[in-house]
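Q: Next up is a structure, given as structure tokens.
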Amino acid sequence: MKQKFYSWRLLLFSTFALSFVIACNDDDDIVPQNPDKPVQPDPKPDNPDNPESKELSFKLIIKDLNAIGVDFEVIPSNSEAPYLTDIAPQEMVGGMTDEEFVALLKKHYSDVDAIKGDVSRHINLEADTEYVLFAVGFKDGESTSKVAQKPFRSPTIDTPSSEEAPILEISGHPGLPDRSQPETAVTFLVKSDTATELTLLYDKAANIEEALNMGYLEHDLFETHGDKFNDPKQMKELNTNGVTVPIQDLDPGTEYMLLGRTTNKHGFKINRHVIKTLGEAPVEITQPAASIEGFAGNEAGENRDTEIYFKIHCTTKDATEAYAIIAVKEAVDTPLYEGYSLEQIVDANEPTPFTTDQITQINSDAGCTFAYNQSFGIQPESSYTFILDVRNATNGRMVIKADVTTEVASKEPTIPEEVLQIDLWCNAGDLFGNDPDTTISVGYKCKSGDAVDGKIGFYPKTDWDARLATGETAEEIMHKEGKPISSISDFNQWGCNETYTQLTPGTVYTAVCMALNEAKQSRCVMVEYATMGGTRTILYQTLKWVNPTMLTLASNTVYTHNLRPSIALRLSGK
């Protein structure tokens with residue numbers, strides 16, 4: 001439901017987007033023509049048949065004005081002359097000269113907004129506000145007449161009158177008019193005295209109250225969702241015996257509100273009434289929401305040809321039951337293709353129920369992991385489907401699936417360490433040690449000197465670890481998005497450097513270097529390093545094919561180490 005009312009301070013003009021309605025003098029000409037002016041033999045004589053006549057004038061008529069709306073008419077002296085007309089708040093345009101007024105109009109209107117001939121409009125208003133009805137000739141982005149203006153003021157909602165606005169009484173009872181079906185129907189009794197129009201809307205009381213609490217006005221609800229009644233027979237019945245409004249097909253034990261507005265020429269009245277159906281309110285069924293991610297291999301990313309695992313998470317954390325089916329993908333795709341739903345597939349089989357501990361896990365932030373290997377029949381180069389059926393205490397149910405395909409059985413042989421060797425190291429700051437809190441310099445070199453291609457990457461450690469946890473390997477990530485090493489000859493001879501700036505102080509980052517040789521053998525090396533700042537903890541991790549011997553801190557203190565393979569060195573400094 002969209003809020004329709006708006007502030008005149010935000011929108012200068014309404015462009016006929018407003019709506020609603022004491023009579024003024026219909027003979028009020030704002031810019032009269034001069035009947036005594038002689039006709040001139042000018043190519044553009046000042047006569048009513050010339051659309052561009054500078055003597056174009058307008059009769060502006062205000063009628064049926066009340067606190068929330070007005071009807072008005074505009075009658076131009078030349079029915080073929082294009083012009084602009086609208087209603088604007090006095091505080092925005094009062095005291096302006098014609099030139100200032102037109103300059104303002106040109107910011108908000110164009111030729112496409114211009115109209116021709118007589119016009120009658122109904123415009124919504126705010127109560128107790130000064131307005132100006134205006135009209136001005138307009139063509140080719142310029143004014144073609146003086147600005148005709150007629151000021152007026154909308155009355156306050158509670159302005160006393162010698163005659164009164166129509167009364168509005170609403171009552172009622174559960175059930176239809178004969179009191180039957182009190183659990184699924186209500187009947188409202190609506191009565192007035194002098195109404196010429198009745199607008200009604202109904203909904204669950206909670207829904208209407210919520211809309212009003214959010215700032216929507218009752219008038220907005222009437223304009224967007226109300227049903228208007230103004231047939232003379234309907235109004236006669238309303239103003240004598242009242243009318244009966246039965247509403248059926250409702251929820252039992254639930255409050256419903258009828259919101260009504262009666263209108264006549266003196267104003268309006270608004271009233272509301274709430275009736276609760278009998279019986280017990282239905283339990284609201286909320287659907288659980290869950291997610292599945294499937295990966296080839298185990299959680300360490302190994303055995304991608306004979307193992308698969310799935311990460312399960314109930315995002316609404318309200319699961320009370322859950323079931324799983326693991327099957328060859330084709331065995332699931334076939335019934336789906338034939339029109340069966342996932343729910344029907346589950347119901348026709350014997351899904352494995354989750355244990356109490358597993359339910360607790362899938363409701364947690366971490367979720368739950370299910371792993372399958374060859375003992376479950378997992379084969380290389382095969383596709384499998386995991387079906388998850390989650391249910392909650394309100395009888396909500398969600399059934400989803402995820403597919404995983406294992407990799408080929410043949411693997412490239414393990415590359416001997418001496419075939420392709422890479423040295424990778426990091427320093428705080430740039431190459432000159434500047435900005436160690438936000439900069440890291442990464443050096444990398446092919447020690448074996450036989451690289452023909454290579455890529456470099458740099459990631460926050462948390463992001464890198466998360467990528468690896470999904471089952472991607474470092475080689476896969478580097479092949480896909482690593483930055484190519486610009487000079488392989490430098491990489492093989494002296495090494496290369498990359499500087500990464502605008503980093504977060506006191507944060508651990510992962511540098512990754514991958515190289516390939518002519519035999520298409522590849523190696524990927526990773527080093528973790530932290531910027532200065534924060535706790536100023538530096539983490540330098542080497543893999544068994546990395547052999548750094550020196551680490552430089554921001555304090556320019558040099559530490560020399562003979563690092564053993566697979567040993568992580570932690571250094572701390574202020």
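By order of appearance in the structure tokens: chains A, B, ..., then residues from 1 within every chain, and ligands from 1 in the order shown.
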Would you kindly return, as a PyMOL selection string, each protein, DNA or RNA residue with an atom no farther than 12 Å from any atom of Pro484 in chain A, considering only C-alpha atoms and excluding same-chain residues fewer than 6 positions away?
A: chain A and resi 452-457+478+491+496+498+512-516
Q: Which residues are near Leu431 in chain A? Cut-off 12 Å, only C-alpha atoms, ignore same chain within fewer than 3 positions. Put them as a list in words.
A: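 What passes the distance filter is Cys426, Asn427, Ala428, Asn434, Asp435, Pro436, Thr439, Ile440, Ser441, Val442, Gly443, Cys496, Asn497, Glu498, Thr499, Tyr500, Thr501, Thr552 and Ala554 of chain A.
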Q: Need to verify the contact set: Ser375 in chain A, 12 Å, only C-alpha atoms, exclusion of same-chain residues closer than 2 positions in sequence. Can you return it as a compact mmCIF listing (two decimals) with N, CA, C and O atoms, in the first residue's frame?
A:
# COMPACT_ATOMS: atom_id res chain seq x y z
N THR A 306 35.63 -39.03 -5.83
CA THR A 306 34.94 -40.12 -5.13
C THR A 306 34.18 -39.66 -3.89
O THR A 306 33.61 -40.48 -3.18
N GLU A 307 34.17 -38.35 -3.62
CA GLU A 307 33.44 -37.85 -2.45
C GLU A 307 32.65 -36.59 -2.82
O GLU A 307 33.03 -35.85 -3.71
N ILE A 308 31.55 -36.41 -2.13
CA ILE A 308 30.78 -35.17 -2.24
C ILE A 308 30.28 -34.81 -0.85
O ILE A 308 30.16 -35.67 0.02
N ALA A 371 28.28 -35.70 4.36
CA ALA A 371 29.31 -36.17 3.44
C ALA A 371 28.99 -37.57 2.93
O ALA A 371 28.45 -38.40 3.66
N TYR A 372 29.33 -37.82 1.67
CA TYR A 372 29.10 -39.13 1.05
C TYR A 372 30.36 -39.51 0.27
O TYR A 372 30.97 -38.66 -0.38
N ASN A 373 30.74 -40.78 0.33
CA ASN A 373 31.92 -41.26 -0.38
C ASN A 373 31.60 -42.56 -1.10
O ASN A 373 30.44 -42.89 -1.31
N GLY A 377 28.35 -45.33 -2.67
CA GLY A 377 28.22 -45.54 -4.11
C GLY A 377 28.63 -44.35 -4.95
O GLY A 377 28.30 -44.32 -6.15
N ILE A 378 29.31 -43.39 -4.40
CA ILE A 378 29.73 -42.22 -5.15
C ILE A 378 30.83 -42.60 -6.13
O ILE A 378 31.84 -43.18 -5.75
N GLN A 379 30.62 -42.29 -7.42
CA GLN A 379 31.54 -42.68 -8.48
C GLN A 379 32.09 -41.44 -9.19
O GLN A 379 31.44 -40.38 -9.20
Q: Find the residues around Asp450 in chain A up to 7 Å (only C-alpha atoms counted), leave out those fewer than 3 positions away in its own chain, and share them as a ChimeraX atom specification.
A: /A:420,492,517
Q: Store the residues of this selection in a file with C-alpha atoms, as a PDB file, in the first residue's frame.
A:
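Resulting contents of out-v3.pdb:
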ATOM      1  CA  LEU A 420      58.949 -26.258 -10.351  1.00  0.00           C
ATOM      2  CA  ASN A 492      62.527 -16.612 -13.627  1.00  0.00           C
ATOM      3  CA  ASN A 517      56.162 -24.924 -16.920  1.00  0.00           C
TER       4      ASN A 517
END
Q: Please indicate the distance in Å from CA of Asn239 in chain A to CA of Gly226 in chain A, rounded to one decimal place.
A: 19.8 Å
Q: When you count only C-alpha atoms, which of these residues is closest to Thr352 in chain A: A:Ile75, A:Ala366, A:Ala322, A:Leu56?
A: A:Ala322
Q: Could you tell me which of A:Thr470, A:Asn207, A:Asn392, A:Gln181 comes closest to Tyr309 in chain A if we count only C-alpha atoms?
A: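 Looking at the shortest contact to Tyr309 in chain A, the residue is A:Thr470.
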Q: Name all residues at most 9 Å from Asp111 in chain A (count only C-alpha atoms; drop same-chain ones fewer than 3 positions away) and give them as a PDB file with C-alpha atoms, in the first residue's frame.
A:
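Ended up saving to result_24.pdb:
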ATOM      1  CA  PRO A  82      -2.626  26.002 -25.353  1.00  0.00           C
ATOM      2  CA  TYR A  83      -2.254  26.862 -21.681  1.00  0.00           C
ATOM      3  CA  LEU A  84      -1.166  25.562 -18.289  1.00  0.00           C
ATOM      4  CA  ALA A 114      -0.364  22.280 -21.950  1.00  0.00           C
ATOM      5  CA  ILE A 115      -4.091  21.778 -22.621  1.00  0.00           C
ATOM      6  CA  PHE A 138       2.004  28.447 -22.853  1.00  0.00           C
ATOM      7  CA  LYS A 139       3.547  27.451 -26.156  1.00  0.00           C
ATOM      8  CA  ASP A 140       7.044  26.488 -27.281  1.00  0.00           C
ATOM      9  CA  GLY A 141       8.313  26.763 -23.730  1.00  0.00           C
ATOM     10  CA  GLU A 142       7.206  30.386 -23.340  1.00  0.00           C
TER      11      GLU A 142
END
Q: Just the residues within 9 Å of Val332 in chain A, please, counting only C-alpha atoms, with nothing from its chain fewer than 3 positions along; format it as a PyMOL selection string.
A: chain A and resi 327-329+335-337+342+345+384-385
Q: Please run DSSP on the backbone and report, as a VMD selection string, all residues within range 254-381 of chain A that come out as strand (DSSP E).
A: chain A and resid 255 to 264 267 to 276 290 to 296 308 to 314 319 to 328 352 to 353 368 to 372
Q: What lies within 8 Å of Glu381 in chain A using only C-alpha atoms, ignoring chain neighbours under 2 positions off, as a list of chain:residue names?
A: A:Asp305, A:Gln379, A:Ser383, A:Thr405, A:Thr406, A:Glu407, A:Val408, A:Ala409
Q: Taking the DSSP secondary structure from the backbone, can you list the residues of range 186-288 of chain A that are helix (DSSP H, G or I), as a list in words?
A: Ala205, Ala206, Asn207, Ile208, Glu209, Glu210, Ala211, Leu212, Asn213, Glu218, His219, Asp220, Leu221, Phe222, Glu223, Thr224, His225, Pro232, Lys233, Gln234, Met235, Lys236, Glu237, Leu238, Asn239 and Thr240 of chain A
Q: Choose the residue, out of A:Thr244, A:Ser487, A:Lys480, A:Gly429, that has the smallest atom-to-atom separation from Ala451 in chain A; count only C-alpha atoms.
A: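 Ranking A:Thr244, A:Ser487, A:Lys480, A:Gly429 by distance to Ala451 in chain A, first place goes to A:Ser487.
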Q: Identify which of the residues A:Lys317, A:Arg391, A:Arg523, A:Arg272 lies closest to Ser364 in chain A, counting only C-alpha atoms when measuring atom-to-atom distances.
A: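 Distance minimum relative to Ser364 in chain A lands on A:Lys317.
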Q: Can you tell me how far CA of Ala103 in chain A sits from CA of Val136 in chain A, in Å to one decimal?
A: 12.0 Å
Q: In Å to one decimal, how far is CA of Thr97 in chain A from CA of Ser145 in chain A?
A: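 Answer for the CA of Ser145 in chain A to CA of Thr97 in chain A separation: 13.2 Å.
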Q: Would you mind telling me which residue in A:Val243, A:Asn124, A:Asn66, A:Glu91 lies nearest to Thr156 in chain A when using only C-alpha atoms?
A: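 Smallest separation from Thr156 in chain A among the options: A:Asn66.
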Q: Choose the residue, out of A:Val346, A:Leu388, A:Ala393, A:Ile477, that has the smallest atom-to-atom separation from Asp318 in chain A; count only C-alpha atoms.
A: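 Checking each candidate against Asp318 in chain A, we get A:Ala393 as the closest.
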